[in-house]
Structure formats: structure tokens, C-alpha cells
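Colleague: Just one file: data.txt, with compact mmCIF, C-alpha atoms.
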# COMPACT_ATOMS: atom_id res chain seq x y z
CA MET A 1 66.11 -26.73 -14.35
CA ARG A 2 63.88 -29.38 -12.82
CA GLY A 3 64.12 -27.74 -9.42
CA ARG A 4 63.03 -24.41 -10.95
CA LEU A 5 60.01 -26.08 -12.61
CA VAL A 6 58.93 -27.59 -9.29
CA LEU A 7 59.28 -24.17 -7.68
CA VAL A 8 57.13 -22.52 -10.36
CA ILE A 9 54.46 -25.20 -10.00
CA ALA A 10 54.49 -24.81 -6.23
CA VAL A 11 54.10 -21.03 -6.47
CA VAL A 12 51.24 -21.33 -8.97
CA LEU A 13 49.45 -23.91 -6.84
CA GLY A 14 49.91 -21.80 -3.73
CA ALA A 15 48.56 -18.72 -5.44
CA THR A 16 45.51 -20.64 -6.69
CA ALA A 17 44.83 -22.00 -3.24
CA ALA A 18 45.08 -18.52 -1.72
CA VAL A 19 42.62 -17.10 -4.26
CA ALA A 20 40.22 -19.98 -3.68
CA ALA A 21 40.43 -19.50 0.08
CA THR A 22 39.62 -15.80 -0.05
CA ALA A 23 36.89 -15.96 -2.70
CA GLY A 24 35.23 -19.12 -1.42
CA ARG A 25 33.11 -21.38 -3.57
CA THR A 26 30.30 -18.83 -3.81
CA PRO A 27 30.72 -15.09 -4.14
CA ALA A 28 29.87 -13.47 -0.80
CA PRO A 29 27.38 -10.59 -0.88
CA VAL A 30 28.83 -7.15 -1.25
CA ILE A 31 27.11 -4.89 1.22
CA GLU A 32 27.28 -1.33 0.09
CA ARG A 33 27.09 1.21 2.89
CA ALA A 34 23.99 3.38 3.05
CA THR A 35 24.44 6.64 1.23
CA LYS A 36 22.30 8.71 3.58
CA GLY A 37 21.36 8.60 7.22
CA GLU A 38 23.50 7.97 10.27
CA ARG A 39 22.04 4.70 11.48
CA CYS A 40 19.41 2.21 10.51
CA VAL A 41 15.99 2.01 12.14
CA GLU A 42 17.09 -1.15 14.00
CA ASP A 43 20.46 -2.71 14.70
CA THR A 44 22.10 -4.69 11.90
CA ALA A 45 21.47 -8.17 13.35
CA THR A 46 17.74 -7.43 13.80
CA MET A 47 17.47 -6.00 10.31
CA ARG A 48 19.19 -8.98 8.72
CA ARG A 49 16.99 -11.46 10.55
CA ASN A 50 13.65 -9.64 10.65
CA HIS A 51 13.40 -6.99 7.91
CA MET A 52 10.87 -9.05 5.97
CA ARG A 53 8.53 -9.32 8.97
CA MET A 54 8.74 -5.60 9.67
CA LEU A 55 7.98 -4.76 6.04
CA GLU A 56 5.11 -7.20 5.84
CA HIS A 57 3.58 -5.97 9.08
CA GLN A 58 3.80 -2.33 8.16
CA ARG A 59 2.57 -2.74 4.59
CA ASP A 60 -0.85 -3.86 5.84
CA ASP A 61 -1.09 -0.85 8.14
CA THR A 62 -0.15 1.39 5.24
CA VAL A 63 -2.32 -0.09 2.50
CA HIS A 64 -5.44 -0.74 4.58
CA GLY A 65 -5.10 1.82 7.36
CA GLY A 66 -3.41 4.63 5.47
CA ILE A 67 -0.71 4.91 8.12
CA ARG A 68 2.32 6.31 6.38
CA GLY A 69 5.65 7.58 7.59
CA ALA A 70 6.11 4.85 10.22
CA LYS A 71 9.57 3.56 10.78
CA HIS A 72 9.74 0.25 8.85
CA SER A 73 8.86 1.37 5.36
CA LEU A 74 10.26 -0.02 2.12
CA LYS A 75 10.52 3.55 0.86
CA GLY A 76 12.68 4.31 3.89
CA CYS A 77 14.99 1.40 3.04
CA ILE A 78 15.32 2.56 -0.55
CA ASP A 79 15.90 6.20 0.37
CA CYS A 80 19.05 5.28 2.30
CA HIS A 81 20.30 2.12 0.63
CA ALA A 82 20.04 3.03 -3.05
CA SER A 83 23.45 2.48 -4.60
CA ALA A 84 25.63 5.51 -5.23
CA THR A 85 26.44 4.25 -8.72
CA THR A 86 23.13 2.86 -10.00
CA GLY A 87 20.85 4.94 -7.75
CA SER A 88 18.83 1.78 -7.09
CA VAL A 89 18.59 -1.08 -4.61
CA ALA A 90 17.97 -3.72 -7.26
CA ALA A 91 19.27 -2.60 -10.66
CA ALA A 92 22.73 -4.23 -10.64
CA PRO A 93 23.90 -7.53 -9.07
CA GLY A 94 25.87 -5.60 -6.43
CA ASP A 95 22.98 -3.41 -5.28
CA PHE A 96 21.87 -3.60 -1.67
CA CYS A 97 18.82 -5.85 -1.82
CA VAL A 98 19.91 -7.99 -4.75
CA SER A 99 23.40 -8.91 -3.54
CA CYS A 100 22.19 -10.63 -0.37
CA HIS A 101 19.09 -12.14 -1.93
CA ALA A 102 21.14 -13.67 -4.74
CA TYR A 103 23.52 -15.12 -2.14
CA ALA A 104 20.66 -16.51 -0.04
CA ALA A 105 18.79 -17.70 -3.16
CA VAL A 106 15.63 -15.91 -2.04
CA LYS A 107 13.66 -14.53 -4.95
CA ILE A 108 11.79 -11.39 -4.00
CA ASP A 109 9.02 -9.85 -6.05
CA CYS A 110 8.88 -6.51 -4.22
CA PHE A 111 10.40 -4.75 -7.19
CA ASP A 112 7.98 -6.13 -9.74
CA CYS A 113 5.73 -3.35 -8.46
CA HIS A 114 7.73 -1.09 -6.16
CA ALA A 115 10.18 1.50 -7.45
CA THR A 116 13.81 0.61 -6.73
CA LYS A 117 14.95 4.21 -6.70
CA PRO A 118 14.14 6.93 -4.20
CA ALA A 119 11.80 9.71 -5.23
CA ALA A 120 13.46 12.87 -6.48
CA GLY A 121 14.07 15.01 -3.41
CA ALA A 122 13.73 12.12 -0.93
CA VAL A 123 15.13 13.10 2.43
CA GLY A 124 16.57 9.79 3.53
CA VAL A 125 16.10 8.44 7.00
CA ARG A 126 13.30 10.08 8.95
CA ARG A 127 14.76 9.93 12.41
CA MET B 1 -9.12 -43.43 61.24
CA SER B 2 -6.18 -41.21 61.94
CA ALA B 3 -4.46 -42.42 58.76
CA ARG B 4 -7.05 -40.75 56.50
CA PRO B 5 -5.24 -38.44 54.09
CA PRO B 6 -5.79 -34.70 54.52
CA GLY B 7 -8.16 -33.18 52.02
CA GLY B 8 -10.21 -36.31 51.75
CA GLY B 9 -12.86 -34.45 53.71
CA THR B 10 -15.66 -35.69 55.85
CA PRO B 11 -18.69 -37.09 54.11
CA GLY B 12 -20.46 -33.80 54.96
CA LYS B 13 -18.34 -31.47 52.82
CA PRO B 14 -16.60 -33.00 49.81
CA GLN B 15 -17.76 -30.23 47.38
CA PRO B 16 -15.71 -27.07 48.15
CA ALA B 17 -12.36 -28.32 46.86
CA PRO B 18 -13.42 -29.32 43.27
CA GLU B 19 -15.64 -26.24 42.98
CA SER B 20 -12.87 -23.81 43.88
CA ALA B 21 -10.49 -25.65 41.56
CA ALA B 22 -12.94 -25.27 38.69
CA ARG B 23 -13.43 -21.60 39.49
CA ARG B 24 -9.68 -21.07 39.62
CA ALA B 25 -9.28 -22.76 36.25
CA TRP B 26 -12.01 -20.60 34.77
CA LEU B 27 -10.43 -17.45 36.17
CA GLY B 28 -7.12 -18.49 34.67
CA VAL B 29 -8.66 -18.88 31.25
CA ALA B 30 -10.50 -15.57 31.60
CA ALA B 31 -7.34 -13.77 32.67
CA ALA B 32 -5.41 -15.20 29.74
CA GLY B 33 -8.14 -14.11 27.36
CA LEU B 34 -8.28 -10.65 28.88
CA ALA B 35 -4.52 -10.27 28.64
CA GLY B 36 -4.70 -11.11 24.93
CA VAL B 37 -7.49 -8.63 24.31
CA VAL B 38 -5.68 -5.86 26.11
CA LEU B 39 -2.29 -6.57 24.57
CA ALA B 40 -3.32 -6.57 20.93
CA PRO B 41 -4.98 -3.12 20.86
CA GLY B 42 -2.16 -1.79 23.05
CA ILE B 43 0.43 -2.72 20.44
CA ARG B 44 -1.57 -1.13 17.68
CA LEU B 45 -2.06 2.09 19.62
CA ILE B 46 1.67 2.37 20.11
CA GLU B 47 2.22 1.91 16.41
CA VAL B 48 -0.29 4.61 15.64
CA ALA B 49 1.42 6.93 18.09
CA GLN B 50 4.80 6.16 16.55
CA ALA B 51 3.43 6.75 13.10
CA GLN B 52 2.12 10.12 14.21
CA SER B 53 5.37 11.13 15.84
CA THR B 54 7.63 10.01 12.99
CA GLY B 55 5.79 11.26 9.93
CA GLY B 56 5.77 14.90 8.95
CA SER B 57 2.23 14.33 7.67
CA PRO B 58 -0.88 13.66 9.75
CA GLY B 59 0.15 9.98 9.52
CA GLY B 60 -2.66 8.79 11.76
CA GLY B 61 -4.25 6.86 8.93
CA ALA B 62 -7.63 6.85 7.27
CA ASP B 63 -10.14 8.84 9.32
CA PRO B 64 -13.52 7.06 9.63
CA LYS B 65 -15.29 10.39 10.14
CA VAL B 66 -14.31 11.49 6.63
CA ARG B 67 -15.85 10.42 3.33
CA TRP B 68 -13.77 11.58 0.41
CA GLY B 69 -15.57 12.27 -2.83
CA LEU B 70 -15.59 14.22 -6.06
CA LEU B 71 -18.06 16.57 -7.66
CA ILE B 72 -17.89 16.73 -11.44
CA ASP B 73 -19.62 19.71 -13.00
CA THR B 74 -20.20 18.54 -16.57
CA THR B 75 -21.39 22.01 -17.59
CA ARG B 76 -17.81 23.19 -17.13
CA CYS B 77 -16.10 20.08 -18.52
CA ALA B 78 -14.81 20.85 -22.00
CA SER B 79 -15.32 18.32 -24.76
CA GLY B 80 -11.99 17.02 -25.99
CA CYS B 81 -10.07 18.31 -22.97
CA THR B 82 -7.97 15.59 -21.32
CA GLU B 83 -6.17 17.62 -18.63
CA CYS B 84 -7.50 15.41 -15.82
CA VAL B 85 -6.62 12.18 -17.61
CA ASP B 86 -3.10 13.39 -18.42
CA ALA B 87 -2.55 14.63 -14.87
CA CYS B 88 -3.71 11.27 -13.51
CA ASN B 89 -1.35 9.42 -15.82
CA ARG B 90 1.56 11.62 -14.74
CA GLU B 91 0.74 11.48 -11.03
CA ASN B 92 0.43 7.71 -10.95
CA GLY B 93 3.09 6.83 -13.51
CA LEU B 94 0.62 5.25 -15.92
CA GLY B 95 2.28 6.73 -18.98
CA THR B 96 0.29 7.44 -22.10
CA PRO B 97 -1.90 4.47 -22.94
CA SER B 98 -1.21 3.22 -26.44
CA ARG B 99 -3.16 -0.04 -26.56
CA SER B 100 -6.76 -0.76 -25.69
CA THR B 101 -5.61 -3.02 -22.84
CA ASP B 102 -3.40 -0.39 -21.15
CA ALA B 103 -4.49 0.82 -17.72
CA ARG B 104 -6.82 3.80 -17.63
CA TRP B 105 -7.88 5.20 -14.29
CA ILE B 106 -9.98 8.00 -15.80
CA ARG B 107 -11.90 7.74 -19.07
CA LYS B 108 -13.33 10.77 -20.81
CA VAL B 109 -16.83 9.89 -21.93
CA GLU B 110 -18.89 11.90 -24.40
CA ILE B 111 -22.62 11.41 -24.03
CA LYS B 112 -25.47 12.58 -26.22
CA GLU B 113 -29.17 12.57 -25.67
CA ILE B 114 -30.42 11.25 -29.00
CA ARG B 115 -33.83 12.92 -28.93
CA THR B 116 -32.61 16.43 -28.18
CA GLY B 117 -29.02 16.25 -29.42
CA ARG B 118 -27.66 17.68 -26.17
CA THR B 119 -24.11 16.53 -25.53
CA ALA B 120 -21.97 16.42 -22.41
CA SER B 121 -18.42 15.42 -21.71
CA LEU B 122 -17.41 13.88 -18.40
CA PRO B 123 -14.58 11.98 -16.79
CA VAL B 124 -15.50 8.59 -15.33
CA MET B 125 -13.24 7.01 -12.76
CA CYS B 126 -13.73 4.68 -9.80
CA GLN B 127 -16.86 6.02 -8.12
CA HIS B 128 -15.70 4.97 -4.63
CA CYS B 129 -19.07 3.46 -3.73
CA ALA B 130 -20.23 3.19 -0.14
CA SER B 131 -21.39 -0.35 -1.01
CA PRO B 132 -18.82 -1.37 -3.59
CA PRO B 133 -19.68 -4.49 -5.61
CA CYS B 134 -15.99 -5.03 -6.36
CA VAL B 135 -15.40 -5.56 -2.65
CA ASP B 136 -18.36 -7.93 -2.38
CA VAL B 137 -17.10 -10.24 -5.10
CA CYS B 138 -13.35 -10.22 -4.38
CA PRO B 139 -12.38 -13.78 -3.42
CA THR B 140 -9.19 -12.83 -1.57
CA GLY B 141 -10.17 -9.62 0.21
CA ALA B 142 -7.74 -7.63 -1.94
CA SER B 143 -10.47 -5.23 -3.02
CA PHE B 144 -11.42 -3.21 0.04
CA LYS B 145 -12.85 0.07 1.24
CA ARG B 146 -10.78 2.24 3.55
CA ALA B 147 -12.26 3.84 6.63
CA ASP B 148 -12.42 7.17 4.80
CA GLY B 149 -14.44 5.72 1.91
CA ILE B 150 -11.65 5.20 -0.64
CA VAL B 151 -11.97 1.91 -2.51
CA LEU B 152 -8.59 0.34 -3.22
CA VAL B 153 -6.92 -2.86 -4.38
CA ASP B 154 -4.30 -4.39 -2.10
CA ARG B 155 -1.91 -5.66 -4.74
CA HIS B 156 -0.21 -7.89 -2.19
CA THR B 157 -3.34 -10.05 -2.05
CA CYS B 158 -4.78 -9.48 -5.55
CA ILE B 159 -4.56 -12.66 -7.64
CA GLY B 160 -5.67 -10.97 -10.85
CA CYS B 161 -8.92 -12.91 -11.26
CA ARG B 162 -10.68 -9.77 -12.57
CA TYR B 163 -13.96 -10.66 -10.93
CA CYS B 164 -14.12 -7.06 -9.64
CA MET B 165 -13.82 -5.76 -13.19
CA MET B 166 -16.87 -7.81 -14.09
CA ALA B 167 -18.77 -6.58 -11.04
CA CYS B 168 -18.04 -2.87 -11.48
CA PRO B 169 -20.91 -1.18 -13.32
CA TYR B 170 -18.69 1.82 -14.13
CA LYS B 171 -15.97 -0.09 -16.01
CA ALA B 172 -13.56 1.69 -13.71
CA ARG B 173 -10.92 -0.96 -13.22
CA SER B 174 -8.00 -2.01 -15.38
CA PHE B 175 -5.86 -5.11 -15.40
CA VAL B 176 -2.12 -4.86 -15.90
CA HIS B 177 -1.23 -7.37 -18.59
CA GLU B 178 2.46 -6.65 -19.15
CA PRO B 179 5.49 -6.32 -16.88
CA LEU B 180 5.99 -2.68 -15.91
CA THR B 181 9.09 -0.61 -15.31
CA GLY B 182 9.63 2.87 -14.00
CA GLN B 183 6.88 2.85 -11.36
CA LEU B 184 6.76 5.82 -9.03
CA PRO B 185 7.74 5.35 -5.37
CA ASP B 186 4.29 6.52 -4.23
CA VAL B 187 2.35 4.32 -6.64
CA PRO B 188 3.57 0.73 -6.74
CA ARG B 189 1.86 -1.21 -9.52
CA GLY B 190 2.66 -4.31 -11.51
CA LYS B 191 1.67 -7.12 -13.80
CA GLY B 192 -1.11 -9.47 -12.78
CA CYS B 193 -3.06 -7.05 -10.60
CA VAL B 194 -6.22 -5.06 -11.06
CA GLU B 195 -6.04 -1.35 -10.34
CA SER B 196 -8.16 1.77 -10.48
CA CYS B 197 -8.39 5.38 -9.31
CA THR B 198 -7.09 5.70 -5.73
CA LEU B 199 -8.37 9.26 -5.22
CA CYS B 200 -4.63 10.07 -5.01
CA VAL B 201 -4.49 8.28 -1.67
CA HIS B 202 -0.77 9.01 -1.31
CA ARG B 203 -1.54 12.73 -1.47
CA ILE B 204 -4.40 12.48 1.01
CA ASP B 205 -2.24 10.54 3.47
CA ARG B 206 0.35 13.31 3.19
CA GLY B 207 -2.35 15.78 4.19
CA GLU B 208 -2.86 17.35 0.79
CA LYS B 209 -6.36 18.58 0.01
CA THR B 210 -6.68 17.91 -3.68
CA THR B 211 -6.23 15.17 -6.27
CA ALA B 212 -4.11 15.44 -9.40
CA CYS B 213 -7.19 15.55 -11.66
CA ALA B 214 -8.96 18.25 -9.64
CA GLN B 215 -5.78 20.31 -9.46
CA ALA B 216 -5.16 20.03 -13.21
CA CYS B 217 -8.76 20.90 -14.04
CA THR B 218 -8.60 23.98 -11.84
CA GLN B 219 -5.25 25.02 -13.30
CA ALA B 220 -6.65 24.64 -16.82
CA GLY B 221 -9.34 27.13 -15.83
CA HIS B 222 -12.31 24.76 -16.00
CA GLY B 223 -12.82 24.05 -12.32
CA ALA B 224 -15.09 21.15 -13.25
CA ILE B 225 -13.72 18.77 -10.58
CA VAL B 226 -14.03 19.46 -6.87
CA PHE B 227 -12.46 17.11 -4.36
CA GLY B 228 -13.41 17.10 -0.71
CA ASP B 229 -15.01 15.58 2.35
CA LEU B 230 -18.68 14.74 1.78
CA ASN B 231 -19.21 14.34 5.52
CA ASP B 232 -18.01 17.84 6.39
CA PRO B 233 -20.92 20.30 5.86
CA ALA B 234 -18.44 23.19 5.68
CA SER B 235 -16.35 21.73 2.83
CA GLU B 236 -16.63 23.23 -0.64
CA ILE B 237 -17.91 19.99 -2.15
CA SER B 238 -20.68 19.72 0.46
CA ARG B 239 -21.68 23.35 -0.07
CA ARG B 240 -21.77 22.90 -3.85
CA ILE B 241 -23.82 19.70 -3.78
CA ARG B 242 -26.23 21.42 -1.41
CA GLU B 243 -26.68 24.29 -3.84
CA ILE B 244 -26.75 22.56 -7.23
CA GLN B 245 -28.56 19.53 -8.52
CA THR B 246 -26.25 16.54 -8.72
CA THR B 247 -26.73 12.91 -9.53
CA GLN B 248 -24.87 9.68 -9.00
CA LEU B 249 -24.21 7.46 -12.01
CA ARG B 250 -26.52 4.44 -12.02
CA ALA B 251 -28.17 5.64 -8.82
CA ASP B 252 -30.72 2.86 -9.35
CA LEU B 253 -28.09 0.34 -8.27
CA ARG B 254 -28.02 2.03 -4.85
CA LEU B 255 -24.27 1.70 -4.45
CA ASP B 256 -24.02 5.28 -3.12
CA PRO B 257 -21.00 6.40 -5.15
CA GLY B 258 -18.76 9.09 -3.71
CA VAL B 259 -18.50 10.79 -7.11
CA ARG B 260 -21.43 13.06 -8.04
CA TYR B 261 -22.16 14.63 -11.43
CA HIS B 262 -23.89 17.90 -12.20
CA GLY B 263 -25.57 18.60 -15.54
CA ILE B 264 -26.25 15.14 -16.90
Will you turn the file into C-alpha cells for me?
Modeller:
Amino acid sequence: MRGRLVLVIAVVLGATAAVAATAGRTPAPVIERATKGERCVEDTATMRRNHMRMLEHQRDDTVHGGIRGAKHSLKGCIDCHASATTGSVAAAPGDFCVSCHAYAAVKIDCFDCHATKPAAGAVGVRR
Amino acid sequence: MSARPPGGGTPGKPQPAPESAARRAWLGVAAAGLAGVVLAPGIRLIEVAQAQSTGGSPGGGADPKVRWGLLIDTTRCASGCTECVDACNRENGLGTPSRSTDARWIRKVEIKEIRTGRTASLPVMCQHCASPPCVDVCPTGASFKRADGIVLVDRHTCIGCRYCMMACPYKARSFVHEPLTGQLPDVPRGKGCVESCTLCVHRIDRGEKTTACAQACTQAGHGAIVFGDLNDPASEISRRIREIQTTQLRADLRLDPGVRYHGI
């Protein structure tokens, strides 16, 4: 009887430890695959490290210079990375932009103004 | 005597070495400066070329040879008609304004000459001045004029001080007081920024030749709004303003607005 109790406790503890090991202390970001397009405008490591600089650089060209359709556009990101379920990059906690930014504790205000969903009839990645 | 270090020079010629060193240093600085000057425009040219090759639209950006403007023929503008205002609200995702503080990019104004009783109806939007006072007063540089004459607000730098709203003699600008949802992808807009008519800049950059208001007015059968390039003598707007008498609102302020009115 006592031996069985010890066994049950051991199994429960083991299971808890296994769950804790896989989940970690913080929930890791869920990166949903892009719905459209074959590949991103830059490789993944560059995008993860530098996407904010690309967006910031291009936004000035677009707003002040009227240069549209260049490669590093926020609209381009949204066209491909909008979630298949919510249709947005920032509507649900698991959506593309939000999941990483919540993990990294970086508050972005892009979507206070910018639409989080692609335009109806958006064609996805441009090249 | 023989132990004198080389380069010490005879008393007759000590000068050449320091002089050439100074010249070399100067050349180095000049070369560095030149490299910087050449590199920066080079990078930008490549970007422009990429933008042109990637976009399906012209994509080359605002053309400094162009000056976009509007002609409003108030003799054709129907009193009570709000086709242009509604089209603007739809195009830019403004919704239907319900409160006095909601954003309005076009206002329909009814005017009456008291002595004669003659009335006219006209839409008033941002007049896209050549010398815009909103740009003069903006403390952050958010209010600016594009190379093709369109006056815009860069919402990334706007701090919402509303100084431009005070400076504008046409009451053309609105401030967004409340958080917004459901913005259109082409027209980002949000709380805390000032905004006004953009002459449908997203359409122009796509290569389209008309604004939402002009298109709606034409479709409604009035044809009171003509959009076009004021610098191109062959454009319809240039031909019309050559043929008919037009005036700029508050021409006495000498702001040279890009919107001209006929019949007021």
C-alpha cells in the first residue's frame, strides 16, 4: 500500500516536471507560418533582428517621398502574415506580430493607426 | 655629424616634410568626405530603382515637376448634395461623422451674398497651399509639403499639438480625439494626430488620375470637381482654369492654394 503511494507520487512529480520542462516558465511565442508567398523578403534571422529598422527606413520614403511598393513595407508583412483564423496580425494573442512582441515585452503602437488585416484582394508578396 | 638621424634635414630645407604631411592629411579628410557624399545618394538611387522595379505602379515617388490641384465649379455644385463628402469618408475610412469633434476632411459650405441674396454651395478641404502656414508652424516637422505639392501630416512625428489647426485659415484640419478601429490599409490614422485631405495620395501613388471626391461628383452627374496637374498646360484642369474665371479662397493671404473655385 505504502509502496504504491510512493509510486503514484513519483509518477505525478515526474509528469509535472516534464510539463514544466517543455512549457518553460514563460510561454514561448507561437510563430504561425505565412499564409501566402513562398519566401520572405529577407532571411528569417535578418527579419527577426532588423525588421523594425527596415520598416522605419521605408516609412519615411513612403510618407515623404511617395515611394510605394518597395520591398520592406508593413502592408507587405500583413498581406502574408495575417493569421488564417483571425485574418489579422494583431487581433489575437497568437497572431504573428503580437505573439513575439508579448514574449519580448516590446509594446508596439503600429496598429493604433495601421490596419492589421490585408486589404480585400491583396495579392500577398510582391516578388 | 654622421649620427644625425635621417629626415632631420639640413638647415636649408626643413619645410617639405611637414607641408606634404599636412597636404596628405587634408586629402585624406577630403576623400573621406567625398566618399560619404557619393555613398549616400548612391544608396538612395538604388532604393528608388528597386521601388520602380518592384511596384506595379509608377512607384518612383512624388514628382517635383507636378503640382496636383483641384478645380471646383460652384455653378455646378448642388446645394445639399454630399456625394464628395460621402465618397471621401468611404475612401479614407472616416465613417459618418456623428459628433462635432469627428474628423471631416471635406466640409460642404453654403454661402450667401447678403446684399443680393445669391447663394452658392461648395466643398472646402485642405487647399494644398504652395506656402502652407501649417508647415511653417509645425514644431516637429510632421506637417510637410510633398514634392508634387500635396500637403500632408506625417503621423509618425505628429505630437497632436494642433498648432497647424490654428494656423490654417481654411479650417481644413481635424484632430482625432478617440481611439479608432477599422482603419483602411491605405489610410492609417489614429488618436492623437491631426489629419486632413490627402488629395487621395494613395491613389495618386498608384498612378490613378482622380480623387474619390472628383470621381463621385462626376458619377453623380455634376462634374463640379476636376482633379489634375496644374503644371501641365495640356491637363483638363489647366485648360479649364485658362478658359474660366477662377479664384483662390483668401487669395489676399498669398498662400497660393492648389484648389481653385469658379463662380464665387
Colleague: Using only C-alpha atoms, what does the table of chain A residues within 6 Å of chain B look like, with each row giving the shortest atom pair and its distance in Å to one decimal, sorted by chain and ascending number, as CSV?
Modeller:
residue,atom,partner,partner_atom,distance
A:Gly65,CA,B:Gly61,CA,5.3
A:Gly66,CA,B:Gly61,CA,4.2
A:Ile67,CA,B:Gly61,CA,4.1
A:Arg68,CA,B:Gly59,CA,5.3
A:Gly69,CA,B:Gly55,CA,4.4
A:Ala70,CA,B:Ala51,CA,4.4
A:Asp112,CA,B:Gly190,CA,5.9
A:Cys113,CA,B:Gly190,CA,4.4
A:His114,CA,B:Pro188,CA,4.6
A:Ala115,CA,B:Pro185,CA,5.0
A:Ala119,CA,B:Pro185,CA,6.0
Colleague: Pick out the closest residue to Cys200 of chain B from this set: B:Ala103, B:Val176, B:Cys126, B:Val135. Count only C-alpha atoms.
Modeller: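 Using only C-alpha atoms, the shortest distance to Cys200 of chain B belongs to B:Cys126.
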Colleague: Go ahead and compute the interatomic distance for atom CA of Ile237 of chain B and atom CA of Leu255 of chain B, in Å to one decimal.
Modeller: 19.5 Å
Colleague: With all atoms listed in the file as the atoms that count, which of A:Ala34, A:Ala120, A:Ala84, A:Leu55 lies nearest to His72 of chain A?
Modeller: A:Leu55
Colleague: Just the number, please: distance in Å from atom CA of Lys108 of chain B to atom CA of Cys81 of chain B, one decimal.
Modeller: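 About the pair atom CA of Lys108 of chain B and atom CA of Cys81 of chain B: they are 8.5 Å apart.
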Colleague: Which residue is closest to Val30 of chain A? Choose from A:Met54, A:Val63, A:Ile78, A:Cys97 and count all atoms listed in the file.
Modeller: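 Comparing A:Met54, A:Val63, A:Ile78, A:Cys97 against Val30 of chain A, the winner is A:Cys97.
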Colleague: I'd like the interatomic distance between atom CA of Glu195 of chain B and atom CA of Glu91 of chain B, to a tenth of an Å.
Modeller: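 For atom CA of Glu195 of chain B relative to atom CA of Glu91 of chain B, the distance reads 14.5 Å.
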Colleague: Do a neighbour search on Cys213 of chain B at 6 Å with all atoms listed in the file, toss out local chain neighbours closer than 6 positions, and write the hits as number ranges by chain.
Modeller: B: 84, 87-88
